[in-house]
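S.K.: Structure file coords16.txt, compact mmCIF, C-alpha atoms and all ligand atoms, is pasted below:
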```txt
# COMPACT_ATOMS: atom_id res chain seq x y z
CA MET X 27 23.44 -5.15 -20.49
CA ASN X 28 23.25 -2.98 -23.56
CA THR X 29 23.33 0.69 -22.54
CA SER X 30 24.05 2.14 -25.95
CA HIS X 31 20.55 3.65 -26.15
CA ILE X 32 21.28 6.14 -23.34
CA SER X 33 24.58 7.30 -24.83
CA SER X 34 24.34 10.75 -26.39
CA GLY X 35 26.70 9.64 -29.16
CA PRO X 36 29.41 11.57 -30.96
CA ASP X 37 27.03 13.39 -33.31
CA GLN X 38 26.00 16.01 -30.70
CA PRO X 39 28.75 18.63 -30.47
CA GLU X 40 29.13 20.38 -27.10
CA GLY X 41 28.55 24.12 -27.00
CA ALA X 42 26.42 24.13 -30.13
CA ASP X 43 23.86 26.87 -30.60
CA GLY X 44 21.08 24.48 -29.68
CA ALA X 45 22.61 23.90 -26.22
CA LYS X 46 22.83 27.65 -25.57
CA ALA X 47 19.19 28.16 -26.53
CA SER X 48 17.97 25.43 -24.18
CA SER X 49 19.95 26.76 -21.18
CA ALA X 50 18.45 30.21 -21.80
CA GLU X 51 14.97 28.69 -21.68
CA LEU X 52 15.76 27.11 -18.31
CA THR X 53 16.66 30.48 -16.76
CA MET X 54 13.44 31.92 -15.33
CA PRO X 55 13.12 35.55 -14.27
CA ALA X 56 13.76 35.96 -10.53
CA GLY X 57 10.14 36.99 -9.80
CA GLN X 58 8.70 33.99 -11.55
CA GLU X 59 11.08 31.65 -9.73
CA SER X 60 10.08 32.96 -6.29
CA ASP X 61 6.41 32.81 -7.33
CA ARG X 62 6.83 29.10 -8.01
CA ARG X 63 8.67 28.60 -4.71
CA PHE X 64 5.84 30.21 -2.73
CA MET X 65 3.17 28.34 -4.72
CA LEU X 66 4.94 25.09 -3.78
CA LEU X 67 4.52 26.08 -0.11
CA ALA X 68 0.82 26.74 -0.75
CA ILE X 69 0.61 23.27 -2.32
CA GLU X 70 2.12 21.81 0.88
CA GLN X 71 -0.68 23.52 2.82
CA ALA X 72 -3.25 22.06 0.41
CA ARG X 73 -1.83 18.58 1.08
CA SER X 74 -2.42 19.11 4.82
CA ALA X 75 -6.07 19.81 4.01
CA ALA X 76 -6.33 16.60 1.95
CA GLU X 77 -4.76 14.57 4.79
CA ALA X 78 -7.49 15.91 7.08
CA GLY X 79 -10.18 14.88 4.57
CA GLU X 80 -10.90 18.48 3.49
CA VAL X 81 -10.90 19.74 -0.10
CA PRO X 82 -7.21 20.45 -0.77
CA VAL X 83 -6.71 24.21 -1.02
CA GLY X 84 -3.72 25.94 0.58
CA ALA X 85 -2.50 29.52 0.89
CA VAL X 86 0.54 31.48 2.07
CA ILE X 87 1.04 35.21 2.60
CA VAL X 88 4.43 36.73 1.81
CA LYS X 89 5.87 40.05 2.95
CA ASP X 90 9.39 41.24 2.09
CA GLY X 91 10.20 37.88 0.53
CA GLU X 92 9.22 35.88 3.62
CA VAL X 93 6.18 33.76 4.44
CA ILE X 94 4.41 35.42 7.38
CA ALA X 95 1.25 33.31 7.42
CA SER X 96 -0.25 30.18 5.92
CA GLY X 97 -3.52 28.31 6.00
CA PHE X 98 -5.50 25.48 4.52
CA ASN X 99 -9.12 24.74 3.84
CA ARG X 100 -10.93 23.18 6.85
CA PRO X 101 -14.64 24.09 6.93
CA ILE X 102 -15.76 20.54 7.78
CA ALA X 103 -13.61 20.03 10.88
CA SER X 104 -14.16 23.58 12.15
CA HIS X 105 -17.92 23.68 11.36
CA ASP X 106 -17.18 27.01 9.73
CA PRO X 107 -18.26 27.91 6.20
CA THR X 108 -15.72 30.74 6.17
CA ALA X 109 -12.74 28.49 6.97
CA HIS X 110 -11.21 28.69 3.50
CA ALA X 111 -7.42 28.63 3.07
CA GLU X 112 -7.25 32.33 2.22
CA MET X 113 -9.32 33.35 5.26
CA ALA X 114 -7.08 31.31 7.59
CA ALA X 115 -3.94 32.89 6.09
CA LEU X 116 -5.42 36.42 6.21
CA ARG X 117 -6.41 36.01 9.87
CA GLU X 118 -2.95 34.73 10.81
CA ALA X 119 -1.20 37.53 8.88
CA GLY X 120 -3.38 40.12 10.67
CA ARG X 121 -2.37 38.65 14.03
CA VAL X 122 1.34 38.54 13.08
CA LEU X 123 1.40 42.14 11.83
CA GLY X 124 -1.01 43.48 14.46
CA ASN X 125 -2.93 45.19 11.67
CA TYR X 126 -6.08 44.43 9.71
CA ARG X 127 -4.50 46.09 6.67
CA LEU X 128 -1.93 43.72 5.20
CA VAL X 129 0.12 46.37 3.44
CA ASP X 130 2.77 45.19 0.93
CA CYS X 131 1.67 41.58 1.33
CA ASP X 132 1.17 39.07 -1.48
CA LEU X 133 -1.18 36.09 -1.23
CA TYR X 134 -0.52 32.77 -2.98
CA VAL X 135 -3.39 30.29 -3.15
CA THR X 136 -3.70 27.02 -5.05
CA LEU X 137 -7.28 27.70 -6.27
CA GLU X 138 -9.00 30.78 -7.66
CA PRO X 139 -10.62 32.61 -4.70
CA CYS X 140 -14.40 32.59 -4.20
CA ALA X 141 -16.42 35.80 -3.75
CA MET X 142 -15.99 35.74 0.05
CA CYS X 143 -12.23 35.37 -0.14
CA ALA X 144 -11.85 37.86 -3.01
CA GLY X 145 -13.76 40.38 -0.85
CA ALA X 146 -11.57 39.67 2.18
CA ILE X 147 -8.43 40.01 0.04
CA GLN X 148 -9.61 43.46 -1.01
CA HIS X 149 -10.51 44.47 2.56
CA ALA X 150 -7.02 43.40 3.65
CA ARG X 151 -5.42 45.54 0.89
CA ILE X 152 -3.40 42.60 -0.42
CA ARG X 153 -0.93 43.95 -2.98
CA ARG X 154 -0.76 40.94 -5.27
CA LEU X 155 -2.84 37.79 -5.63
CA ILE X 156 -1.27 34.76 -7.27
CA PHE X 157 -3.56 31.77 -7.76
CA GLY X 158 -3.24 28.30 -9.28
CA ALA X 159 -6.14 26.41 -10.83
CA ARG X 160 -9.24 28.18 -12.01
CA ASP X 161 -12.53 27.35 -10.26
CA PRO X 162 -15.31 27.25 -12.87
CA LYS X 163 -17.98 26.80 -10.15
CA THR X 164 -17.20 29.55 -7.62
CA GLY X 165 -14.16 31.44 -8.94
CA ALA X 166 -14.57 35.18 -8.40
CA CYS X 167 -11.43 36.33 -10.17
CA GLY X 168 -12.57 35.88 -13.74
CA SER X 169 -14.24 32.44 -13.94
CA VAL X 170 -17.79 33.08 -12.68
CA ILE X 171 -17.43 36.78 -11.92
CA ASP X 172 -14.41 39.07 -11.66
CA LEU X 173 -14.49 41.05 -8.43
CA MET X 174 -10.88 42.07 -8.94
CA ALA X 175 -11.81 43.97 -12.09
CA GLN X 176 -14.78 45.93 -10.75
CA PRO X 177 -13.94 49.59 -11.38
CA ARG X 178 -16.33 50.73 -8.63
CA LEU X 179 -14.55 48.76 -5.89
CA ASN X 180 -11.87 50.97 -4.41
CA HIS X 181 -8.98 48.54 -3.97
CA HIS X 182 -7.50 46.50 -6.76
CA CYS X 183 -4.68 44.07 -6.33
CA VAL X 184 -2.50 42.83 -9.14
CA VAL X 185 -3.64 39.34 -10.12
CA THR X 186 -1.44 36.60 -11.55
CA PRO X 187 -3.81 33.78 -12.55
CA GLU X 188 -3.12 30.13 -13.30
CA LEU X 189 0.39 29.83 -11.87
CA MET X 190 1.25 26.10 -11.82
CA SER X 191 -2.39 25.47 -12.69
CA HIS X 192 -1.61 21.91 -13.77
CA GLU X 193 -0.04 20.92 -10.42
CA THR X 194 -2.63 22.72 -8.31
CA GLY X 195 -5.53 21.39 -10.38
CA ASN X 196 -4.21 17.84 -10.14
CA LEU X 197 -4.33 18.05 -6.33
CA LEU X 198 -8.08 18.63 -6.56
CA SER X 199 -8.87 16.09 -9.28
CA GLU X 200 -6.84 13.40 -7.47
CA PHE X 201 -8.64 14.19 -4.21
CA PHE X 202 -12.11 13.95 -5.78
CA ALA X 203 -11.20 10.79 -7.74
CA SER X 204 -9.98 9.10 -4.55
CA ARG X 205 -13.14 10.19 -2.69
CA ARG X 206 -15.33 8.71 -5.46
CA ARG X 207 -13.36 5.44 -5.31
CA LYS X 208 -13.81 5.24 -1.53
CA ARG X 209 -17.55 5.95 -1.81
CA SER X 210 -18.17 3.35 -4.49
CA ALA X 211 -16.13 0.80 -2.49
CA ALA X 212 -18.28 1.56 0.57
CA LEU X 213 -21.49 1.18 -1.46
CA LYS X 214 -20.31 -2.20 -2.78
CA ARG X 215 -19.63 -3.39 0.78
CA GLU X 216 -23.19 -2.42 1.75
CA GLU X 217 -24.71 -4.38 -1.17
ZN ZN X 301 -13.00 31.22 -0.53
```
For this file, write the structure as structure tokens.

M.R.:
Amino acid sequence: MNTSHISSGPDQPEGADGAKASSAELTMPAGQESDRRFMLLAIEQARSAAEAGEVPVGAVIVKDGEVIASGFNRPIASHDPTAHAEMAALREAGRVLGNYRLVDCDLYVTLEPCAMCAGAIQHARIRRLIFGARDPKTGACGSVIDLMAQPRLNHHCVVTPELMSHETGNLLSEFFASRRRKRSAALKREE
């Protein structure tokens, strides 16, 4: 077997300036690295929603560097229009802390919150909101409206939008594509 194509060859000196530059690019600031780690946990929650046949959205709430609550979207199974991922995580965090004010807590969610969830996030006094994909249909953090930027609302949390938006958006597009495939297969069976 000819493996010469995977050899780096002698014309790439070790320790060249180029190598230093690329290792510097790989080093992410500590905050950004932990943001990605927590968003990955929110993505795991979203996968649980997809497995249950619900639109895949997941959330985690972090306090002092630790996940204290998590939740995923399940309005269909619970017959509850308020059963969004953020609401589930907020309710659990309130129970864990024994307080309806979630002071010094950060919320990570795979999709831009809707108006209901953005309102609940403000009521809970969430310190920081980090979300993944934008929601052009119901997003209330800049896409349709921006409740987080209303100067007349008294609490404002710091918002980091579109973290890992590609990964979190893919979860949704794959889910809807697979649902369309299943529906058209079912229609063909009926014909
Ligand atoms: Zn919502």

S.K.: Quote the spacing between CA of Gly97 (chain X) and CA of Arg160 (chain X) in Å to one decimal place.

M.R.: 18.9 Å

S.K.: Taking all atoms listed in the file into account, report as a PyMOL selection string which residues have an atom no farther than 7 Å from an atom of ligand ZN 301 (chain X).

M.R.: chain X and resi 110+112+139-143

S.K.: What does the structure give for the distance between CA of Arg151 (chain X) and CA of Glu138 (chain X), in Å to one decimal?

M.R.: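 Separation between CA of Arg151 (chain X) and CA of Glu138 (chain X): 17.4 Å.
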
S.K.: Between X:Ala175, X:Ile156, X:Leu128, X:Ile102, which residue has the minimum interatomic distance to Lys89 (chain X), considering only C-alpha atoms?

M.R.: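 Of all the options, X:Leu128 lies closest to Lys89 (chain X).
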
S.K.: Kindly give the distance, in Å, that separates CA of Ala72 (chain X) and CA of Val184 (chain X), rounded to a single decimal.

M.R.: 22.9 Å

S.K.: Go ahead and find all residues with at least one atom no further than 12 Å from (0.3, 26.3, 2.4) in the file's coordinates, using all atoms listed in the file; report them as an MDAnalysis selection string.

M.R.: chainID X and resid 63:76 82:88 93:99 110:112 114:115 133:137 194

S.K.: Near His192 (chain X), counting only C-alpha atoms, which residues have an atom at most 8 Å away, once you skip same-chain residues fewer than 3 positions from it, shown as a PyMOL selection string?

M.R.: chain X and resi 158-159+195-196
